[in-house]
file entry_38.cif (mmCIF, C-alpha atoms and all ligand atoms)
data_structure
loop_
_atom_site.label_atom_id
_atom_site.label_comp_id
_atom_site.auth_asym_id
_atom_site.auth_seq_id
_atom_site.Cartn_x
_atom_site.Cartn_y
_atom_site.Cartn_z
CA MET A 1 26.92 14.77 2.31
CA ARG A 2 23.75 15.89 4.04
CA LEU A 3 23.69 13.57 7.02
CA ARG A 4 22.58 15.21 10.25
CA GLU A 5 23.50 14.59 13.83
CA PRO A 6 20.14 14.34 15.60
CA THR A 7 19.73 16.59 18.64
CA ALA A 8 17.19 16.82 21.45
CA ALA A 9 15.19 19.27 19.30
CA ASP A 10 14.57 16.47 16.78
CA LEU A 11 12.70 14.58 19.50
CA ARG A 12 10.14 17.43 19.66
CA PRO A 13 9.72 18.14 15.95
CA GLU A 14 7.58 21.01 14.69
CA LEU A 15 6.00 20.40 11.31
CA LEU A 16 2.60 20.10 9.66
CA GLY A 17 1.58 23.05 11.79
CA THR A 18 2.02 21.03 14.99
CA ALA A 19 4.52 20.65 17.81
CA PHE A 20 4.92 16.88 18.20
CA ARG A 21 5.99 15.52 21.59
CA SER A 22 7.94 12.73 19.85
CA PRO A 23 9.00 11.90 16.28
CA ILE A 24 7.39 8.45 16.60
CA LEU A 25 4.15 7.81 14.72
CA LEU A 26 2.26 4.53 14.86
CA ALA A 27 2.12 3.28 11.27
CA SER A 28 -1.11 2.81 9.38
CA GLY A 29 -2.71 -0.59 9.72
CA THR A 30 -0.87 -1.57 12.88
CA ALA A 31 -2.90 0.42 15.42
CA GLY A 32 -6.41 0.44 13.90
CA PHE A 33 -7.81 3.84 14.85
CA GLY A 34 -6.13 3.71 18.25
CA LEU A 35 -9.25 2.74 20.26
CA GLU A 36 -7.70 -0.36 21.85
CA LEU A 37 -4.34 1.33 22.48
CA LEU A 38 -6.13 4.30 24.03
CA ARG A 39 -7.89 1.97 26.49
CA MET A 40 -4.57 0.33 27.43
CA ASP A 41 -2.66 3.62 27.82
CA HIS A 42 -0.36 2.49 25.03
CA LEU A 43 -0.27 5.85 23.33
CA ASP A 44 1.92 7.43 25.98
CA GLY A 45 5.18 8.60 24.59
CA VAL A 46 4.24 8.44 20.92
CA GLY A 47 4.02 11.54 18.77
CA GLY A 48 1.00 10.55 16.74
CA LEU A 49 -1.09 7.86 15.18
CA VAL A 50 -1.79 7.07 11.53
CA SER A 51 -5.12 5.28 11.14
CA LYS A 52 -5.91 2.17 9.14
CA ALA A 53 -6.65 2.98 5.48
CA THR A 54 -10.08 4.54 4.95
CA THR A 55 -11.93 4.12 1.67
CA LEU A 56 -15.25 5.47 0.34
CA LYS A 57 -17.12 2.17 0.76
CA PRO A 58 -16.54 -0.53 3.39
CA ARG A 59 -14.01 -3.16 2.30
CA GLU A 60 -13.78 -6.76 3.48
CA GLY A 61 -10.18 -6.99 2.34
CA ASN A 62 -8.55 -10.18 1.07
CA PRO A 63 -9.60 -13.65 2.28
CA PRO A 64 -7.42 -15.27 4.97
CA PRO A 65 -4.65 -16.12 5.45
CA ARG A 66 -3.64 -12.49 5.08
CA ILE A 67 -0.77 -12.29 7.54
CA ALA A 68 2.23 -14.63 7.53
CA GLU A 69 5.34 -14.66 9.66
CA THR A 70 8.58 -15.33 7.85
CA ARG A 71 11.99 -15.98 9.38
CA PHE A 72 12.96 -12.30 9.40
CA GLY A 73 9.71 -10.36 9.16
CA LEU A 74 6.04 -10.13 8.49
CA LEU A 75 4.10 -10.40 5.23
CA ASN A 76 0.63 -8.90 5.08
CA ALA A 77 -2.00 -8.72 2.39
CA ILE A 78 -4.92 -7.31 4.35
CA GLY A 79 -6.25 -5.59 1.23
CA LEU A 80 -7.33 -2.33 2.90
CA ALA A 81 -10.12 -3.90 5.02
CA ASN A 82 -11.97 -1.03 6.70
CA PRO A 83 -15.54 -0.01 7.58
CA GLY A 84 -15.68 2.84 5.04
CA VAL A 85 -15.67 6.59 5.53
CA ASP A 86 -19.32 6.88 6.72
CA SER A 87 -18.69 4.53 9.61
CA VAL A 88 -15.31 6.13 10.40
CA LEU A 89 -17.11 9.47 10.69
CA SER A 90 -20.14 8.30 12.66
CA ASP A 91 -18.77 5.46 14.82
CA ILE A 92 -15.01 5.82 15.19
CA LEU A 93 -13.85 9.43 15.20
CA PRO A 94 -16.39 10.52 17.86
CA ARG A 95 -14.90 7.90 20.23
CA LEU A 96 -11.39 9.28 19.79
CA SER A 97 -11.85 12.65 21.50
CA GLY A 98 -9.54 11.54 24.35
CA LEU A 99 -6.68 10.75 21.98
CA PRO A 100 -3.50 12.14 23.59
CA CYS A 101 -1.72 12.69 20.27
CA PRO A 102 -2.54 13.89 16.75
CA LEU A 103 -4.26 11.57 14.28
CA LEU A 104 -3.54 11.37 10.57
CA VAL A 105 -6.20 9.45 8.66
CA ASN A 106 -4.72 7.15 6.02
CA VAL A 107 -6.82 7.48 2.86
CA ALA A 108 -6.93 4.98 0.00
CA GLY A 109 -8.90 4.78 -3.22
CA SER A 110 -9.36 2.50 -6.19
CA THR A 111 -9.84 5.50 -8.48
CA GLU A 112 -8.18 8.92 -8.43
CA GLN A 113 -11.56 10.55 -7.71
CA GLU A 114 -12.08 8.39 -4.64
CA TYR A 115 -9.19 10.04 -2.78
CA GLY A 116 -10.82 13.45 -3.17
CA LEU A 117 -14.24 12.13 -2.18
CA VAL A 118 -12.94 10.47 0.99
CA VAL A 119 -11.01 13.57 2.06
CA GLU A 120 -14.05 15.76 1.33
CA ARG A 121 -16.12 13.59 3.70
CA LEU A 122 -13.43 13.46 6.39
CA GLU A 123 -13.36 17.26 6.42
CA GLU A 124 -16.66 16.99 8.34
CA SER A 125 -14.63 16.05 11.42
CA ASP A 126 -12.29 18.42 13.23
CA LEU A 127 -10.49 15.59 14.99
CA PRO A 128 -7.83 14.54 12.48
CA LEU A 129 -4.76 16.73 12.25
CA GLY A 130 -4.55 15.77 8.58
CA TYR A 131 -4.18 12.87 6.19
CA GLU A 132 -1.77 10.31 4.85
CA ILE A 133 -2.62 9.59 1.24
CA ASN A 134 -1.87 5.98 0.47
CA VAL A 135 -0.94 5.70 -3.21
CA SER A 136 1.23 2.68 -2.54
CA CYS A 137 -0.69 -0.33 -1.18
CA PRO A 138 0.82 -3.45 -2.77
CA ASN A 139 -2.19 -5.63 -1.86
CA VAL A 140 -5.06 -4.39 -4.03
CA ALA A 141 -5.85 -5.00 -7.68
CA GLU A 142 -7.05 -1.47 -8.45
CA GLY A 143 -5.15 1.71 -7.65
CA GLY A 144 -2.71 1.17 -4.81
CA MET A 145 0.92 1.11 -5.77
CA LEU A 146 0.10 1.51 -9.48
CA PHE A 147 -0.83 5.12 -8.72
CA GLY A 148 2.27 5.64 -6.60
CA ALA A 149 4.58 4.44 -9.36
CA ASP A 150 3.24 7.01 -11.83
CA PRO A 151 4.43 10.54 -10.96
CA ALA A 152 1.67 12.11 -13.10
CA ALA A 153 -1.00 10.22 -11.12
CA VAL A 154 0.71 11.13 -7.82
CA GLU A 155 0.62 14.78 -8.78
CA ARG A 156 -3.04 14.63 -9.85
CA ILE A 157 -4.12 12.85 -6.66
CA SER A 158 -2.13 15.29 -4.49
CA ARG A 159 -3.75 18.23 -6.26
CA ARG A 160 -7.21 16.70 -5.81
CA VAL A 161 -6.56 16.38 -2.07
CA ALA A 162 -4.96 19.83 -1.76
CA ASP A 163 -8.04 21.34 -3.42
CA ARG A 164 -10.30 19.78 -0.82
CA THR A 165 -8.56 20.44 2.47
CA ARG A 166 -6.58 23.08 4.27
CA LYS A 167 -5.27 20.44 6.65
CA PRO A 168 -1.76 19.08 6.05
CA PHE A 169 -1.30 15.79 4.22
CA SER A 170 1.54 13.43 3.46
CA VAL A 171 1.65 11.18 0.39
CA LYS A 172 2.84 7.66 1.17
CA LEU A 173 5.03 6.37 -1.64
CA THR A 174 5.93 2.93 -2.91
CA PRO A 175 9.46 1.48 -2.91
CA ASN A 176 8.42 -1.22 -5.39
CA GLU A 177 7.91 0.39 -8.79
CA GLY A 178 9.01 3.54 -10.55
CA SER A 179 11.27 6.19 -9.06
CA ILE A 180 10.42 7.16 -5.50
CA VAL A 181 12.35 10.42 -5.96
CA GLU A 182 10.26 11.39 -8.99
CA SER A 183 7.03 10.44 -7.23
CA ALA A 184 8.05 12.50 -4.18
CA ALA A 185 8.71 15.52 -6.42
CA ALA A 186 5.31 15.00 -8.05
CA ALA A 187 3.58 14.94 -4.65
CA GLU A 188 5.33 18.18 -3.70
CA GLU A 189 4.33 19.76 -7.01
CA GLY A 190 0.72 18.70 -6.41
CA GLY A 191 0.63 20.46 -3.04
CA ALA A 192 1.52 17.73 -0.52
CA ASP A 193 2.87 18.96 2.84
CA ALA A 194 5.07 15.89 3.35
CA VAL A 195 5.90 12.50 1.86
CA THR A 196 5.96 9.19 3.68
CA VAL A 197 8.89 7.02 2.63
CA CYS A 198 7.79 4.32 2.20
CA ASN A 199 5.04 1.70 2.09
CA THR A 200 5.82 -2.02 2.37
CA PHE A 201 8.11 -3.98 0.08
CA LEU A 202 6.43 -6.55 -2.16
CA GLY A 203 7.22 -10.05 -0.93
CA MET A 204 6.10 -13.66 -1.14
CA SER A 205 6.52 -16.71 1.03
CA ILE A 206 5.89 -20.34 0.04
CA ASP A 207 5.39 -23.56 1.97
CA TRP A 208 7.55 -25.54 -0.45
CA ARG A 209 6.50 -28.90 1.00
CA GLU A 210 2.96 -28.31 -0.21
CA ALA A 211 3.88 -25.87 -3.00
CA LYS A 212 1.42 -23.47 -1.34
CA PRO A 213 1.70 -19.71 -0.83
CA GLN A 214 1.50 -18.52 2.79
CA LEU A 215 -0.92 -15.76 1.78
CA SER A 216 -4.18 -16.20 -0.13
CA ASN A 217 -3.23 -13.12 -2.16
CA LEU A 218 0.08 -14.86 -3.12
CA THR A 219 2.12 -11.71 -2.52
CA GLY A 220 2.05 -9.24 0.34
CA GLY A 221 3.84 -6.30 1.89
CA TYR A 222 7.01 -7.23 3.76
CA THR A 223 7.90 -5.37 6.95
CA SER A 224 10.79 -6.00 9.29
CA PRO A 225 13.71 -4.31 11.06
CA THR A 226 15.86 -5.93 8.35
CA LEU A 227 14.46 -3.31 5.95
CA LEU A 228 16.23 -0.49 7.76
CA PRO A 229 19.09 0.07 5.25
CA LEU A 230 16.64 0.04 2.33
CA VAL A 231 14.47 2.69 4.00
CA VAL A 232 17.45 4.78 5.13
CA ALA A 233 18.69 4.94 1.52
CA ARG A 234 15.29 6.05 0.23
CA VAL A 235 14.78 8.61 3.00
CA TYR A 236 18.22 10.01 2.25
CA SER A 237 17.65 10.37 -1.48
CA VAL A 238 14.11 11.75 -1.19
CA SER A 239 14.98 14.25 1.55
CA GLY A 240 17.76 15.55 -0.68
CA SER A 241 15.42 16.16 -3.58
CA VAL A 242 12.27 17.74 -2.10
CA GLN A 243 11.73 20.74 0.20
CA ILE A 244 8.77 19.24 2.09
CA PRO A 245 9.44 17.09 5.17
CA VAL A 246 9.98 13.33 4.89
CA ILE A 247 8.21 10.92 7.22
CA ALA A 248 10.12 7.63 7.36
CA SER A 249 8.24 4.35 7.53
CA GLY A 250 9.79 0.91 7.80
CA GLY A 251 12.61 -0.93 9.46
CA VAL A 252 12.51 0.33 13.04
CA GLY A 253 13.39 -2.30 15.63
CA ARG A 254 14.96 -0.10 18.32
CA ALA A 255 15.64 3.52 19.31
CA GLU A 256 18.96 3.67 17.41
CA ASP A 257 17.11 2.89 14.18
CA VAL A 258 14.89 5.96 14.64
CA LEU A 259 17.96 8.16 15.19
CA GLU A 260 19.50 6.72 12.02
CA LEU A 261 16.39 7.65 10.01
CA LEU A 262 16.45 11.17 11.52
CA SER A 263 20.10 11.40 10.53
CA ALA A 264 19.17 10.44 6.95
CA GLY A 265 16.73 13.36 6.83
CA ALA A 266 13.41 12.13 8.25
CA ARG A 267 11.45 14.48 10.56
CA LEU A 268 8.92 11.89 11.81
CA VAL A 269 9.35 8.12 11.91
CA GLU A 270 6.56 5.56 11.68
CA VAL A 271 6.77 2.26 13.52
CA GLY A 272 4.64 -0.74 12.48
CA THR A 273 5.79 -4.30 13.03
CA LEU A 274 7.48 -3.47 16.32
CA LEU A 275 4.14 -2.25 17.64
CA LEU A 276 2.50 -5.57 16.75
CA ARG A 277 5.28 -7.46 18.50
CA SER A 278 5.75 -5.29 21.57
CA PRO A 279 3.72 -2.10 22.18
CA ASP A 280 5.71 -1.48 25.38
CA ASP A 281 8.93 -1.25 23.36
CA VAL A 282 7.35 1.42 21.18
CA CYS A 283 6.24 3.45 24.23
CA ARG A 284 9.86 3.38 25.45
CA LEU A 285 11.51 4.53 22.19
CA THR A 286 11.39 8.26 22.89
CA LYS A 287 12.89 7.95 26.39
CA GLU A 288 15.57 5.66 25.00
CA MET A 289 16.45 8.18 22.31
CA GLU A 290 16.73 10.90 24.96
CA GLY A 291 19.21 8.68 26.81
CA LEU A 292 21.20 7.94 23.66
CA LEU A 293 21.43 11.63 22.73
CA GLU A 294 22.64 12.59 26.20
C1 LIG A 301 -0.69 -5.63 9.27
C2 LIG A 301 -0.29 -4.40 8.51
C3 LIG A 301 -1.28 -3.62 7.89
C4 LIG A 301 -0.93 -2.46 7.19
N1 LIG A 301 -1.90 -1.69 6.62
C5 LIG A 301 -1.58 -0.52 6.00
C6 LIG A 301 -2.59 0.37 5.48
O1 LIG A 301 -3.79 0.13 5.61
N2 LIG A 301 -2.18 1.52 4.86
C7 LIG A 301 -0.84 1.83 4.71
O2 LIG A 301 -0.52 2.89 4.15
N3 LIG A 301 0.13 1.03 5.21
C8 LIG A 301 -0.21 -0.12 5.85
N4 LIG A 301 0.79 -0.93 6.38
C9 LIG A 301 2.20 -0.51 6.28
C10 LIG A 301 2.61 0.26 7.54
O3 LIG A 301 1.84 1.43 7.69
C11 LIG A 301 4.09 0.67 7.54
O4 LIG A 301 4.39 1.37 6.35
C12 LIG A 301 5.04 -0.47 7.73
O5 LIG A 301 4.51 -1.45 8.60
C13 LIG A 301 6.32 0.11 8.31
O6 LIG A 301 7.30 -0.84 8.39
P1 LIG A 301 7.74 -1.56 9.79
O7 LIG A 301 6.59 -2.48 10.07
O8 LIG A 301 9.00 -2.25 9.41
O9 LIG A 301 7.89 -0.53 10.86
C14 LIG A 301 0.45 -2.09 7.08
C15 LIG A 301 1.44 -2.88 7.71
C16 LIG A 301 1.08 -4.01 8.42
C17 LIG A 301 2.18 -4.83 9.09
#
call {"tool": "encode", "arguments": {"input": "entry_38.cif", "output": "structure tokens"}}
result
Amino acid sequence: MRLREPTAADLRPELLGTAFRSPILLASGTAGFGLELLRMDHLDGVGGLVSKATTLKPREGNPPPRIAETRFGLLNAIGLANPGVDSVLSDILPRLSGLPCPLLVNVAGSTEQEYGLVVERLEESDLPLGYEINVSCPNVAEGGMLFGADPAAVERISRRVADRTRKPFSVKLTPNEGSIVESAAAAEEGGADAVTVCNTFLGMSIDWREAKPQLSNLTGGYTSPTLLPLVVARVYSVSGSVQIPVIASGGVGRAEDVLELLSAGARLVEVGTLLLRSPDDVCRLTKEMEGLLE
């Protein structure tokens, strides 16, 4: 068994060439690019921020409704809405110079080439620490989790990115299709510096009285603290099969959950739905973990 007892050192992890002040990262799509949180001082205490997905061209995303609350969690099918890499470079990144923590830009593409092109453009800015390569979005017709489920495609995309940047990047994998362990190994082989385990779980919710789906896209990505055991299992198996660090994503509802993911082998832990519900709770996680470890 490879389970670890987290220590105080795990709360100041050093990886991706950086000393993080906390293992907590704000998950892609739940903090935008951090502009609003920066204004509200809500980035205190977090280790870093992963931006909303960035694509080559602007994307409107899916028509509404694209978020639905279910009894135990959230379903979203935003469809990678974002202003496109040109606008991210000219309008957003220059306003983030006061960011108190590192930024990873989440990159998505509908073709394999697009990932390389977006990273190539983002290299024009010094601000991001690196990238999170999203080969696992369940809410788009082209690319998305279809890439992530195919280890050969994961390796090719990782190599394309590695060829275009010297900054570190993590490949965010899907729990929905294929073998996440094989895809993680493929990312490592292609030159990834880390893997993010994992993107959202494919879900669907129906108003049975009207026989109507809650989301216009029919299905969406499910996120919730109830996912914790599913993510712990995947973090455990992936961290046992690759040498590169694992970033956990999914299922955190409280400080103990983060410690559990660290125990399973994660080095950084992303928090999404909890941030949407209560940003203050997220700011407190690191202090709470310090208390629990004492
Ligand atoms: C509203 C919303 C939008 C999201 N958008 C993205 C995205 O653009 N790119 C991505 O890789 N993940 C996206 N995600 C997934 C999160 O980054 C993260 O993996 C997930 O929310 C973690 O699970 P948790 O919410 O249980 O903490 C999104 C999640 C939500 C709730």
call {"tool": "closest_residue", "arguments": {"input": "entry_38.cif", "among": "A:Ser51, A:Thr18, A:Ser87, A:Ser158", "to": "ligand LIG 301 (chain A)", "atoms": "only C-alpha atoms and all ligand atoms"}}
result
A:Ser51
call {"tool": "atom_distance", "arguments": {"input": "entry_38.cif", "atom1": "atom CA of A:Val235", "atom2": "atom CA of A:Ala266"}}
result
6.5 Å
call {"tool": "closest_residue", "arguments": {"input": "entry_38.cif", "among": "A:Leu218, A:Ala248, A:Val232, A:Val269", "to": "A:Leu3", "atoms": "all atoms listed in the file"}}
result
A:Val232
call {"tool": "residues_near_point", "arguments": {"input": "entry_38.cif", "point": "(19.4, 3.1, 4.0)", "cutoff": "12 Å", "atoms": "only C-alpha atoms", "output": "MDAnalysis selection string"}}
result
chainID A and resid 3 197:198 225:238 248:252 257:258 260:266
call {"tool": "closest_residue", "arguments": {"input": "entry_38.cif", "among": "A:Gly291, A:Pro151, A:Pro100, A:Gly220", "to": "ligand LIG 301 (chain A)", "atoms": "all atoms listed in the file"}}
result
A:Gly220
call {"tool": "closest_atom_pairs", "arguments": {"input": "entry_38.cif", "of": "chain A", "to": "ligand LIG 301 (chain A)", "cutoff": "6 Å", "atoms": "all atoms listed in the file", "output": "tab-separated table"}}
result
residue	atom	partner	partner_atom	distance
A:Ala27	CA	A:LIG301	O3	4.0
A:Ser28	CA	A:LIG301	O3	3.7
A:Gly29	CA	A:LIG301	N1	3.4
A:Thr30	CA	A:LIG301	C2	5.2
A:Lys52	CA	A:LIG301	O1	4.6
A:Ala53	CA	A:LIG301	O1	4.0
A:Asn76	CA	A:LIG301	C1	5.5
A:Leu80	CA	A:LIG301	O1	5.1
A:Asn134	CA	A:LIG301	O2	5.0
A:Asn199	CA	A:LIG301	O4	4.3
A:Thr200	CA	A:LIG301	O4	5.4
A:Thr223	CA	A:LIG301	O8	4.1
A:Ser224	CA	A:LIG301	O8	4.2
A:Pro225	CA	A:LIG301	O8	5.4
A:Ser249	CA	A:LIG301	C13	4.7
A:Gly250	CA	A:LIG301	O6	3.1
A:Gly251	CA	A:LIG301	O8	3.8
A:Val252	CA	A:LIG301	O9	5.2
A:Val271	CA	A:LIG301	O9	4.0
A:Gly272	CA	A:LIG301	O7	3.6
A:Thr273	CA	A:LIG301	O7	3.6
call {"tool": "residues_around", "arguments": {"input": "entry_38.cif", "residues": "stretch 173-187 of chain A", "least_positions_apart": "4", "cutoff": "7 Å", "atoms": "only C-alpha atoms", "output": "JSON, numbers by chain"}}
result
{"A": [135, 136, 145, 148, 149, 150, 151, 152, 154, 155, 158, 191, 192, 195, 196, 197, 198, 199, 201, 202, 237, 238, 241, 242]}
call {"tool": "atom_distance", "arguments": {"input": "entry_38.cif", "atom1": "atom CA of A:Glu112", "atom2": "atom CA of A:Ile157"}}
result
5.9 Å
call {"tool": "closest_residue", "arguments": {"input": "entry_38.cif", "among": "A:Ser170, A:Ser110, A:Ser125, A:Thr165", "to": "A:Ala141", "atoms": "only C-alpha atoms"}}
result
A:Ser110
call {"tool": "residues_near_point", "arguments": {"input": "entry_38.cif", "point": "(12.5, 12.5, 21.5)", "cutoff": "6 Å", "atoms": "all atoms listed in the file", "output": "number ranges by chain"}}
result
A: 11-12, 22, 286, 289-290
call {"tool": "atom_distance", "arguments": {"input": "entry_38.cif", "atom1": "atom CA of A:Leu56", "atom2": "atom CA of A:Val118"}}
result
5.5 Å
call {"tool": "residues_around", "arguments": {"input": "entry_38.cif", "residues": "A:Ala77", "least_positions_apart": "2", "cutoff": "6 Å", "atoms": "all atoms listed in the file", "output": "PDB file with C-alpha atoms, in the coordinates of the input"}}
result
ATOM      1  CA  ARG A  66      -3.640 -12.490   5.080  1.00  0.00           C
ATOM      2  CA  GLY A  79      -6.250  -5.590   1.230  1.00  0.00           C
ATOM      3  CA  ASN A 139      -2.190  -5.630  -1.860  1.00  0.00           C
ATOM      4  CA  GLY A 220       2.050  -9.240   0.340  1.00  0.00           C
TER       5      GLY A 220
END
call {"tool": "closest_residue", "arguments": {"input": "entry_38.cif", "among": "A:Leu15, A:Ile78, A:Cys283, A:Leu127", "to": "A:Val140", "atoms": "all atoms listed in the file"}}
result
A:Ile78
call {"tool": "closest_residue", "arguments": {"input": "entry_38.cif", "among": "A:Val46, A:Leu275, A:Leu35, A:Leu146", "to": "A:Ile92", "atoms": "all atoms listed in the file"}}
result
A:Leu35
call {"tool": "build_atoms", "arguments": {"input": "entry_38.cif", "residues": "stretch 179-202 of chain A", "atoms": "N, CA and C atoms", "output": "mmCIF file, in the coordinates of the input"}}
result
data_model
loop_
_atom_site.group_PDB
_atom_site.id
_atom_site.type_symbol
_atom_site.label_atom_id
_atom_site.label_comp_id
_atom_site.auth_asym_id
_atom_site.auth_seq_id
_atom_site.Cartn_x
_atom_site.Cartn_y
_atom_site.Cartn_z
ATOM 1 N N SER A 179 10.230 5.483 -9.817
ATOM 2 C CA SER A 179 11.270 6.190 -9.060
ATOM 3 C C SER A 179 10.623 6.914 -7.893
ATOM 4 N N ILE A 180 11.026 6.556 -6.686
ATOM 5 C CA ILE A 180 10.420 7.160 -5.500
ATOM 6 C C ILE A 180 10.785 8.652 -5.435
ATOM 7 N N VAL A 181 11.940 9.008 -5.965
ATOM 8 C CA VAL A 181 12.350 10.420 -5.960
ATOM 9 C C VAL A 181 11.443 11.232 -6.894
ATOM 10 N N GLU A 182 11.151 10.674 -8.066
ATOM 11 C CA GLU A 182 10.260 11.390 -8.990
ATOM 12 C C GLU A 182 8.839 11.477 -8.442
ATOM 13 N N SER A 183 8.377 10.409 -7.799
ATOM 14 C CA SER A 183 7.030 10.440 -7.230
ATOM 15 C C SER A 183 6.955 11.438 -6.079
ATOM 16 N N ALA A 184 8.031 11.542 -5.292
ATOM 17 C CA ALA A 184 8.050 12.500 -4.180
ATOM 18 C C ALA A 184 7.978 13.929 -4.739
ATOM 19 N N ALA A 185 8.736 14.187 -5.803
ATOM 20 C CA ALA A 185 8.710 15.520 -6.420
ATOM 21 C C ALA A 185 7.328 15.828 -6.959
ATOM 22 N N ALA A 186 6.663 14.800 -7.501
ATOM 23 C CA ALA A 186 5.310 15.000 -8.050
ATOM 24 C C ALA A 186 4.328 15.315 -6.921
ATOM 25 N N ALA A 187 4.471 14.663 -5.795
ATOM 26 C CA ALA A 187 3.580 14.940 -4.650
ATOM 27 C C ALA A 187 3.773 16.384 -4.199
ATOM 28 N N GLU A 188 5.035 16.791 -4.119
ATOM 29 C CA GLU A 188 5.330 18.180 -3.700
ATOM 30 C C GLU A 188 4.706 19.168 -4.689
ATOM 31 N N GLU A 189 4.876 18.891 -5.966
ATOM 32 C CA GLU A 189 4.330 19.760 -7.010
ATOM 33 C C GLU A 189 2.798 19.858 -6.907
ATOM 34 N N GLY A 190 2.179 18.737 -6.522
ATOM 35 C CA GLY A 190 0.720 18.700 -6.410
ATOM 36 C C GLY A 190 0.191 19.338 -5.135
ATOM 37 N N GLY A 191 1.099 19.752 -4.237
ATOM 38 C CA GLY A 191 0.630 20.460 -3.040
ATOM 39 C C GLY A 191 0.721 19.672 -1.744
ATOM 40 N N ALA A 192 1.382 18.509 -1.760
ATOM 41 C CA ALA A 192 1.520 17.730 -0.520
ATOM 42 C C ALA A 192 2.393 18.494 0.480
ATOM 43 N N ASP A 193 2.097 18.296 1.778
ATOM 44 C CA ASP A 193 2.870 18.960 2.840
ATOM 45 C C ASP A 193 4.022 18.100 3.316
ATOM 46 N N ALA A 194 4.008 16.818 2.950
ATOM 47 C CA ALA A 194 5.070 15.890 3.350
ATOM 48 C C ALA A 194 4.958 14.648 2.472
ATOM 49 N N VAL A 195 6.004 13.820 2.498
ATOM 50 C CA VAL A 195 5.900 12.500 1.860
ATOM 51 C C VAL A 195 6.301 11.444 2.882
ATOM 52 N N THR A 196 5.609 10.317 2.810
ATOM 53 C CA THR A 196 5.960 9.190 3.680
ATOM 54 C C THR A 196 6.755 8.193 2.862
ATOM 55 N N VAL A 197 7.951 7.894 3.346
ATOM 56 C CA VAL A 197 8.890 7.020 2.630
ATOM 57 C C VAL A 197 9.225 5.855 3.559
ATOM 58 N N CYS A 198 8.577 4.727 3.333
ATOM 59 C CA CYS A 198 7.790 4.320 2.200
ATOM 60 C C CYS A 198 6.801 3.250 2.665
ATOM 61 N N ASN A 199 5.937 2.801 1.774
ATOM 62 C CA ASN A 199 5.040 1.700 2.090
ATOM 63 C C ASN A 199 5.844 0.382 2.093
ATOM 64 N N THR A 200 5.149 -0.722 2.202
ATOM 65 C CA THR A 200 5.820 -2.020 2.370
ATOM 66 C C THR A 200 6.463 -2.500 1.067
ATOM 67 N N PHE A 201 7.405 -3.403 1.224
ATOM 68 C CA PHE A 201 8.110 -3.980 0.080
ATOM 69 C C PHE A 201 7.388 -5.260 -0.355
ATOM 70 N N LEU A 202 7.173 -5.391 -1.658
ATOM 71 C CA LEU A 202 6.430 -6.550 -2.160
ATOM 72 C C LEU A 202 7.212 -7.834 -1.893
#
